[in-house]
>>> print(open('model-v4.pdb').read())   # PDB, C-alpha atoms, pLDDT in the B column
MODEL        1
ATOM      1  CA  MET B 950      -6.914 -18.790  11.686  1.00 76.00           C
ATOM      2  CA  SER B 951      -7.192 -15.300  10.208  1.00 86.00           C
ATOM      3  CA  ARG B 952      -4.378 -12.823   9.973  1.00 91.00           C
ATOM      4  CA  PRO B 953      -3.983  -9.284   8.658  1.00 93.00           C
ATOM      5  CA  LEU B 954      -3.133  -8.875   4.994  1.00 95.00           C
ATOM      6  CA  PHE B 955       0.583  -8.588   4.314  1.00 95.00           C
ATOM      7  CA  VAL B 956      -0.068  -5.313   2.490  1.00 97.00           C
ATOM      8  CA  ALA B 957      -1.439  -3.881   5.765  1.00 97.00           C
ATOM      9  CA  GLN B 958       2.014  -4.250   7.288  1.00 96.00           C
ATOM     10  CA  MET B 959       3.517  -2.585   4.237  1.00 97.00           C
ATOM     11  CA  LEU B 960       1.012   0.272   4.497  1.00 98.00           C
ATOM     12  CA  ALA B 961       1.844   0.807   8.154  1.00 97.00           C
ATOM     13  CA  GLN B 962       5.557   0.830   7.314  1.00 97.00           C
ATOM     14  CA  ALA B 963       4.911   3.298   4.478  1.00 98.00           C
ATOM     15  CA  HIS B 964       3.183   5.672   6.903  1.00 98.00           C
ATOM     16  CA  ARG B 965       6.149   5.396   9.253  1.00 98.00           C
ATOM     17  CA  MET B 966       8.513   6.216   6.390  1.00 98.00           C
ATOM     18  CA  ARG B 967       6.322   9.176   5.391  1.00 98.00           C
ATOM     19  CA  ARG B 968       6.477  10.515   8.984  1.00 98.00           C
ATOM     20  CA  LEU B 969      10.281  10.210   9.008  1.00 98.00           C
ATOM     21  CA  LEU B 970      10.497  12.203   5.787  1.00 98.00           C
ATOM     22  CA  ASP B 971       7.874  14.795   6.720  1.00 98.00           C
ATOM     23  CA  SER B 972       9.475  15.428  10.113  1.00 98.00           C
ATOM     24  CA  GLY B 973      12.910  15.862   8.551  1.00 98.00           C
ATOM     25  CA  GLU B 974      14.341  13.057  10.682  1.00 97.00           C
ATOM     26  CA  VAL B 975      15.398  11.523   7.376  1.00 98.00           C
ATOM     27  CA  PRO B 976      16.210  14.208   4.804  1.00 97.00           C
ATOM     28  CA  SER B 977      15.250  12.384   1.585  1.00 97.00           C
ATOM     29  CA  ALA B 978      13.794   9.245   0.091  1.00 97.00           C
ATOM     30  CA  ALA B 979      17.269   8.420  -1.213  1.00 97.00           C
ATOM     31  CA  GLU B 980      18.663   8.552   2.327  1.00 98.00           C
ATOM     32  CA  LEU B 981      15.749   6.492   3.607  1.00 98.00           C
ATOM     33  CA  ALA B 982      16.442   3.891   0.929  1.00 98.00           C
ATOM     34  CA  ARG B 983      20.109   3.792   1.887  1.00 98.00           C
ATOM     35  CA  ARG B 984      19.319   3.351   5.582  1.00 97.00           C
ATOM     36  CA  LEU B 985      16.788   0.598   4.961  1.00 96.00           C
ATOM     37  CA  GLY B 986      18.746  -1.169   2.237  1.00 97.00           C
ATOM     38  CA  PHE B 987      16.013  -0.607  -0.359  1.00 97.00           C
ATOM     39  CA  THR B 988      16.180   0.993  -3.771  1.00 98.00           C
ATOM     40  CA  ARG B 989      14.728   4.467  -4.225  1.00 97.00           C
ATOM     41  CA  ALA B 990      12.177   2.926  -6.582  1.00 97.00           C
ATOM     42  CA  ARG B 991      11.015   0.535  -3.838  1.00 98.00           C
ATOM     43  CA  ILE B 992      10.695   3.391  -1.360  1.00 98.00           C
ATOM     44  CA  SER B 993       8.558   5.259  -3.908  1.00 97.00           C
ATOM     45  CA  GLN B 994       6.349   2.210  -4.429  1.00 97.00           C
ATOM     46  CA  LEU B 995       5.771   1.890  -0.698  1.00 97.00           C
ATOM     47  CA  LEU B 996       5.223   5.605  -0.139  1.00 98.00           C
ATOM     48  CA  ASP B 997       2.612   5.568  -2.916  1.00 97.00           C
ATOM     49  CA  LEU B 998       0.456   3.398  -0.638  1.00 98.00           C
ATOM     50  CA  THR B 999      -0.035   6.454   1.588  1.00 98.00           C
ATOM     51  CA  LEU B1000      -1.725   8.197  -1.353  1.00 97.00           C
ATOM     52  CA  LEU B1001      -4.583   5.691  -1.439  1.00 98.00           C
ATOM     53  CA  ALA B1002      -8.036   6.970  -0.517  1.00 98.00           C
ATOM     54  CA  PRO B1003      -8.584   6.819   3.262  1.00 98.00           C
ATOM     55  CA  ASP B1004     -11.373   4.249   2.980  1.00 98.00           C
ATOM     56  CA  ILE B1005      -9.168   1.945   0.890  1.00 98.00           C
ATOM     57  CA  GLN B1006      -6.385   2.238   3.467  1.00 98.00           C
ATOM     58  CA  GLU B1007      -8.864   1.467   6.240  1.00 97.00           C
ATOM     59  CA  TRP B1008     -10.151  -1.586   4.358  1.00 97.00           C
ATOM     60  CA  LEU B1009      -6.583  -2.838   3.905  1.00 97.00           C
ATOM     61  CA  LEU B1010      -5.741  -2.339   7.573  1.00 96.00           C
ATOM     62  CA  PHE B1011      -8.797  -4.192   8.847  1.00 95.00           C
ATOM     63  CA  ALA B1012      -9.153  -6.931   6.227  1.00 94.00           C
ATOM     64  CA  THR B1013      -8.056 -10.404   7.228  1.00 92.00           C
ATOM     65  CA  ASN B1014      -7.014 -13.518   5.403  1.00 89.00           C
ATOM     66  CA  ASP B1015      -8.223 -16.894   6.497  1.00 82.00           C
ATOM     67  CA  ARG B1016      -7.724 -18.729   3.205  1.00 75.00           C
ATOM     68  CA  GLY B1017      -3.948 -18.813   2.824  1.00 80.00           C
ATOM     69  CA  ARG B1018      -3.426 -16.351  -0.020  1.00 84.00           C
ATOM     70  CA  ASP B1019      -4.156 -12.636   0.354  1.00 91.00           C
ATOM     71  CA  ILE B1020      -6.965 -11.419  -1.840  1.00 90.00           C
ATOM     72  CA  ILE B1021      -4.995  -8.315  -2.793  1.00 94.00           C
ATOM     73  CA  THR B1022      -1.308  -7.525  -2.781  1.00 94.00           C
ATOM     74  CA  GLU B1023       0.869  -4.439  -2.832  1.00 95.00           C
ATOM     75  CA  ARG B1024       1.633  -5.150  -6.481  1.00 95.00           C
ATOM     76  CA  ASP B1025      -2.102  -5.129  -7.250  1.00 94.00           C
ATOM     77  CA  LEU B1026      -2.375  -1.718  -5.600  1.00 96.00           C
ATOM     78  CA  ARG B1027       0.377  -0.015  -7.588  1.00 95.00           C
ATOM     79  CA  ALA B1028      -1.945   0.926 -10.455  1.00 95.00           C
ATOM     80  CA  VAL B1029      -4.599   2.048  -7.976  1.00 97.00           C
ATOM     81  CA  ALA B1030      -2.184   4.318  -6.105  1.00 97.00           C
ATOM     82  CA  GLN B1031      -1.077   5.967  -9.350  1.00 96.00           C
ATOM     83  CA  LEU B1032      -4.573   7.353  -9.868  1.00 97.00           C
ATOM     84  CA  ARG B1033      -4.817  10.800  -8.301  1.00 96.00           C
ATOM     85  CA  LEU B1034      -8.594  11.034  -7.856  1.00 98.00           C
ATOM     86  CA  TRP B1035      -9.885   8.993  -4.946  1.00 98.00           C
ATOM     87  CA  GLU B1036     -13.061   8.106  -6.822  1.00 98.00           C
ATOM     88  CA  ASP B1037     -10.972   6.640  -9.641  1.00 98.00           C
ATOM     89  CA  GLN B1038      -8.917   4.754  -7.050  1.00 98.00           C
ATOM     90  CA  ARG B1039     -12.081   3.295  -5.536  1.00 98.00           C
ATOM     91  CA  THR B1040     -13.315   2.128  -8.927  1.00 97.00           C
ATOM     92  CA  GLU B1041      -9.991   0.486  -9.788  1.00 97.00           C
ATOM     93  CA  PHE B1042      -9.649  -1.016  -6.288  1.00 97.00           C
ATOM     94  CA  HIS B1043     -13.055  -2.690  -6.525  1.00 96.00           C
ATOM     95  CA  ARG B1044     -12.227  -3.892 -10.037  1.00 95.00           C
ATOM     96  CA  ALA B1045      -8.967  -5.416  -8.737  1.00 93.00           C
ATOM     97  CA  LEU B1046     -10.764  -7.090  -5.830  1.00 92.00           C
ATOM     98  CA  ALA B1047     -13.382  -8.562  -8.157  1.00 92.00           C
ATOM     99  CA  TRP B1048     -10.720  -9.833 -10.559  1.00 85.00           C
ATOM    100  CA  LYS B1049      -8.682 -11.413  -7.769  1.00 74.00           C
ATOM    101  CA  ALA B1050     -11.788 -13.110  -6.377  1.00 70.00           C
ATOM    102  CA  LEU B1051     -12.270 -14.818  -9.747  1.00 65.00           C
ATOM    103  CA  THR B1052      -8.733 -16.153  -9.984  1.00 61.00           C
TER     104      THR B1052
ENDMDL
END
>>> encode(input="model-v4.pdb", output="structure tokens")
Amino acid sequence: MSRPLFVAQMLAQAHRMRRLLDSGEVPSAAELARRLGFTRARISQLLDLTLLAPDIQEWLLFATNDRGRDIITERDLRAVAQLRLWEDQRTEFHRALAWKALT
């Protein structure tokens, strides 16, 4: 039976956190971390997912797993999200997918 990737849930949560910050409902990432019981570093890692190119985010949201282990994880995406140019993100994302498919 297929299911969404776990990172899709994390991406959706990251967008929710971004909305809370952007709206001012939560004044800072530090306050958000305190309320959620996360570290500020973890909040930053999750919020970085919202910086991924739109097509990568769409792929993550619609990809499914029917083999037990997700083909890509949030940890795999950290290096991708650190790249500021979407074209560079796409290149690194496809490289990560290819590498994970081999392992």
>>> resolve_selection(input="model-v4.pdb", expression="the PyMOL selection byres ((chain B and resi 1025-1028) around 8)", output="ChimeraX atom specification")
/B:994,997-998,1021-1024,1029-1032,1042,1045
>>> closest_residue(input="model-v4.pdb", among="B:Ala1002, B:Arg967, B:Glu980, B:Leu996", to="B:Arg1033", atoms="only C-alpha atoms")
B:Ala1002
>>> resolve_selection(input="model-v4.pdb", expression="the PyMOL selection byres ((chain B and resi 1009) around 12)", output="short mmCIF file (atom, residue, chain, number, x, y, z; two decimals) with C-alpha atoms, in the coordinates of the input")
data_model
loop_
_atom_site.label_atom_id
_atom_site.label_comp_id
_atom_site.auth_asym_id
_atom_site.auth_seq_id
_atom_site.Cartn_x
_atom_site.Cartn_y
_atom_site.Cartn_z
CA ARG B 952 -4.38 -12.82 9.97
CA PRO B 953 -3.98 -9.28 8.66
CA LEU B 954 -3.13 -8.88 4.99
CA PHE B 955 0.58 -8.59 4.31
CA VAL B 956 -0.07 -5.31 2.49
CA ALA B 957 -1.44 -3.88 5.76
CA GLN B 958 2.01 -4.25 7.29
CA MET B 959 3.52 -2.58 4.24
CA LEU B 960 1.01 0.27 4.50
CA ALA B 961 1.84 0.81 8.15
CA LEU B 998 0.46 3.40 -0.64
CA THR B 999 -0.04 6.45 1.59
CA LEU B 1001 -4.58 5.69 -1.44
CA ALA B 1002 -8.04 6.97 -0.52
CA PRO B 1003 -8.58 6.82 3.26
CA ASP B 1004 -11.37 4.25 2.98
CA ILE B 1005 -9.17 1.94 0.89
CA GLN B 1006 -6.38 2.24 3.47
CA GLU B 1007 -8.86 1.47 6.24
CA TRP B 1008 -10.15 -1.59 4.36
CA LEU B 1010 -5.74 -2.34 7.57
CA PHE B 1011 -8.80 -4.19 8.85
CA ALA B 1012 -9.15 -6.93 6.23
CA THR B 1013 -8.06 -10.40 7.23
CA ASN B 1014 -7.01 -13.52 5.40
CA ASP B 1019 -4.16 -12.64 0.35
CA ILE B 1020 -6.96 -11.42 -1.84
CA ILE B 1021 -5.00 -8.32 -2.79
CA THR B 1022 -1.31 -7.52 -2.78
CA GLU B 1023 0.87 -4.44 -2.83
CA LEU B 1026 -2.38 -1.72 -5.60
CA PHE B 1042 -9.65 -1.02 -6.29
CA LEU B 1046 -10.76 -7.09 -5.83
#
>>> atom_distance(input="model-v4.pdb", atom1="atom CA of B:Trp1048", atom2="atom CA of B:Gly1017")
17.5 Å
>>> atom_distance(input="model-v4.pdb", atom1="atom CA of B:Ser977", atom2="atom CA of B:His964")
14.8 Å
>>> resolve_selection(input="model-v4.pdb", expression="the PyMOL selection byres ((chain B and resi 979) around 12)", output="JSON, numbers by chain")
{"B": [966, 970, 975, 976, 977, 978, 980, 981, 982, 983, 984, 985, 986, 987, 988, 989, 990, 991, 992, 993]}
>>> write_last_selection(input="model-v4.pdb", atoms="C-alpha atoms", output="PDB file, in the coordinates of the input")
ATOM      1  CA  MET B 966       8.513   6.216   6.390  1.00 98.00           C
ATOM      2  CA  LEU B 970      10.497  12.203   5.787  1.00 98.00           C
ATOM      3  CA  VAL B 975      15.398  11.523   7.376  1.00 98.00           C
ATOM      4  CA  PRO B 976      16.210  14.208   4.804  1.00 97.00           C
ATOM      5  CA  SER B 977      15.250  12.384   1.585  1.00 97.00           C
ATOM      6  CA  ALA B 978      13.794   9.245   0.091  1.00 97.00           C
ATOM      7  CA  GLU B 980      18.663   8.552   2.327  1.00 98.00           C
ATOM      8  CA  LEU B 981      15.749   6.492   3.607  1.00 98.00           C
ATOM      9  CA  ALA B 982      16.442   3.891   0.929  1.00 98.00           C
ATOM     10  CA  ARG B 983      20.109   3.792   1.887  1.00 98.00           C
ATOM     11  CA  ARG B 984      19.319   3.351   5.582  1.00 97.00           C
ATOM     12  CA  LEU B 985      16.788   0.598   4.961  1.00 96.00           C
ATOM     13  CA  GLY B 986      18.746  -1.169   2.237  1.00 97.00           C
ATOM     14  CA  PHE B 987      16.013  -0.607  -0.359  1.00 97.00           C
ATOM     15  CA  THR B 988      16.180   0.993  -3.771  1.00 98.00           C
ATOM     16  CA  ARG B 989      14.728   4.467  -4.225  1.00 97.00           C
ATOM     17  CA  ALA B 990      12.177   2.926  -6.582  1.00 97.00           C
ATOM     18  CA  ARG B 991      11.015   0.535  -3.838  1.00 98.00           C
ATOM     19  CA  ILE B 992      10.695   3.391  -1.360  1.00 98.00           C
ATOM     20  CA  SER B 993       8.558   5.259  -3.908  1.00 97.00           C
TER      21      SER B 993
END
>>> atom_distance(input="model-v4.pdb", atom1="atom CA of B:Leu995", atom2="atom CA of B:Gln962")
8.1 Å
>>> axis_aligned_box(input="model-v4.pdb", around="stretch 978-991 of chain B", padding_each_side="8 Å", output="AutoDock Vina command-line options")
--center_x 15.6 --center_y 4.0 --center_z -0.5 --size_x 25.1 --size_y 26.4 --size_z 28.2
>>> build_atoms(input="model-v4.pdb", residues="stretch 981-1005 of chain B", atoms="N, CA, C and O atoms", output="short mmCIF file (atom, residue, chain, number, x, y, z; two decimals), keeping the file's coordinate frame")
data_model
loop_
_atom_site.label_atom_id
_atom_site.label_comp_id
_atom_site.auth_asym_id
_atom_site.auth_seq_id
_atom_site.Cartn_x
_atom_site.Cartn_y
_atom_site.Cartn_z
N LEU B 981 16.58 7.53 2.99
CA LEU B 981 15.75 6.49 3.61
C LEU B 981 16.04 5.14 2.96
O LEU B 981 16.21 4.14 3.66
N ALA B 982 16.14 5.13 1.65
CA ALA B 982 16.44 3.89 0.93
C ALA B 982 17.81 3.34 1.37
O ALA B 982 17.95 2.15 1.61
N ARG B 983 18.77 4.22 1.47
CA ARG B 983 20.11 3.79 1.89
C ARG B 983 20.08 3.18 3.28
O ARG B 983 20.62 2.11 3.52
N ARG B 984 19.38 3.85 4.20
CA ARG B 984 19.32 3.35 5.58
C ARG B 984 18.60 2.01 5.69
O ARG B 984 18.95 1.18 6.52
N LEU B 985 17.58 1.83 4.88
CA LEU B 985 16.79 0.60 4.96
C LEU B 985 17.31 -0.51 4.05
O LEU B 985 16.85 -1.65 4.13
N GLY B 986 18.23 -0.17 3.17
CA GLY B 986 18.75 -1.17 2.24
C GLY B 986 17.79 -1.46 1.09
O GLY B 986 17.82 -2.55 0.52
N PHE B 987 16.96 -0.49 0.75
CA PHE B 987 16.01 -0.61 -0.36
C PHE B 987 16.51 0.26 -1.51
O PHE B 987 17.34 1.15 -1.33
N THR B 988 15.93 0.06 -2.67
CA THR B 988 16.18 0.99 -3.77
C THR B 988 15.26 2.20 -3.61
O THR B 988 14.23 2.11 -2.93
N ARG B 989 15.61 3.30 -4.26
CA ARG B 989 14.73 4.47 -4.22
C ARG B 989 13.39 4.14 -4.87
O ARG B 989 12.34 4.63 -4.43
N ALA B 990 13.42 3.31 -5.91
CA ALA B 990 12.18 2.93 -6.58
C ALA B 990 11.26 2.18 -5.61
O ALA B 990 10.05 2.41 -5.59
N ARG B 991 11.83 1.30 -4.80
CA ARG B 991 11.02 0.54 -3.84
C ARG B 991 10.42 1.45 -2.78
O ARG B 991 9.27 1.29 -2.39
N ILE B 992 11.21 2.42 -2.33
CA ILE B 992 10.70 3.39 -1.36
C ILE B 992 9.52 4.15 -1.97
O ILE B 992 8.48 4.34 -1.33
N SER B 993 9.65 4.55 -3.22
CA SER B 993 8.56 5.26 -3.91
C SER B 993 7.31 4.39 -4.01
O SER B 993 6.19 4.87 -3.79
N GLN B 994 7.50 3.12 -4.34
CA GLN B 994 6.35 2.21 -4.43
C GLN B 994 5.63 2.13 -3.09
O GLN B 994 4.40 2.16 -3.03
N LEU B 995 6.39 2.00 -2.03
CA LEU B 995 5.77 1.89 -0.70
C LEU B 995 5.12 3.20 -0.28
O LEU B 995 4.00 3.20 0.23
N LEU B 996 5.80 4.32 -0.51
CA LEU B 996 5.22 5.60 -0.14
C LEU B 996 3.94 5.89 -0.91
O LEU B 996 3.04 6.56 -0.40
N ASP B 997 3.84 5.38 -2.13
CA ASP B 997 2.61 5.57 -2.92
C ASP B 997 1.39 4.98 -2.21
O ASP B 997 0.27 5.45 -2.42
N LEU B 998 1.59 3.97 -1.37
CA LEU B 998 0.46 3.40 -0.64
C LEU B 998 -0.22 4.44 0.25
O LEU B 998 -1.42 4.37 0.50
N THR B 999 0.54 5.42 0.72
CA THR B 999 -0.04 6.45 1.59
C THR B 999 -0.92 7.42 0.81
O THR B 999 -1.61 8.24 1.42
N LEU B 1000 -0.89 7.34 -0.51
CA LEU B 1000 -1.72 8.20 -1.35
C LEU B 1000 -3.09 7.57 -1.66
O LEU B 1000 -3.93 8.21 -2.30
N LEU B 1001 -3.28 6.35 -1.21
CA LEU B 1001 -4.58 5.69 -1.44
C LEU B 1001 -5.68 6.41 -0.66
O LEU B 1001 -5.43 6.98 0.41
N ALA B 1002 -6.88 6.36 -1.19
CA ALA B 1002 -8.04 6.97 -0.52
C ALA B 1002 -8.13 6.42 0.91
O ALA B 1002 -7.84 5.24 1.14
N PRO B 1003 -8.52 7.25 1.86
CA PRO B 1003 -8.58 6.82 3.26
C PRO B 1003 -9.42 5.56 3.48
O PRO B 1003 -9.05 4.69 4.27
N ASP B 1004 -10.54 5.43 2.78
CA ASP B 1004 -11.37 4.25 2.98
C ASP B 1004 -10.71 2.99 2.44
O ASP B 1004 -10.90 1.90 2.99
N ILE B 1005 -9.91 3.11 1.39
CA ILE B 1005 -9.17 1.94 0.89
C ILE B 1005 -8.11 1.55 1.91
O ILE B 1005 -7.95 0.36 2.23
#
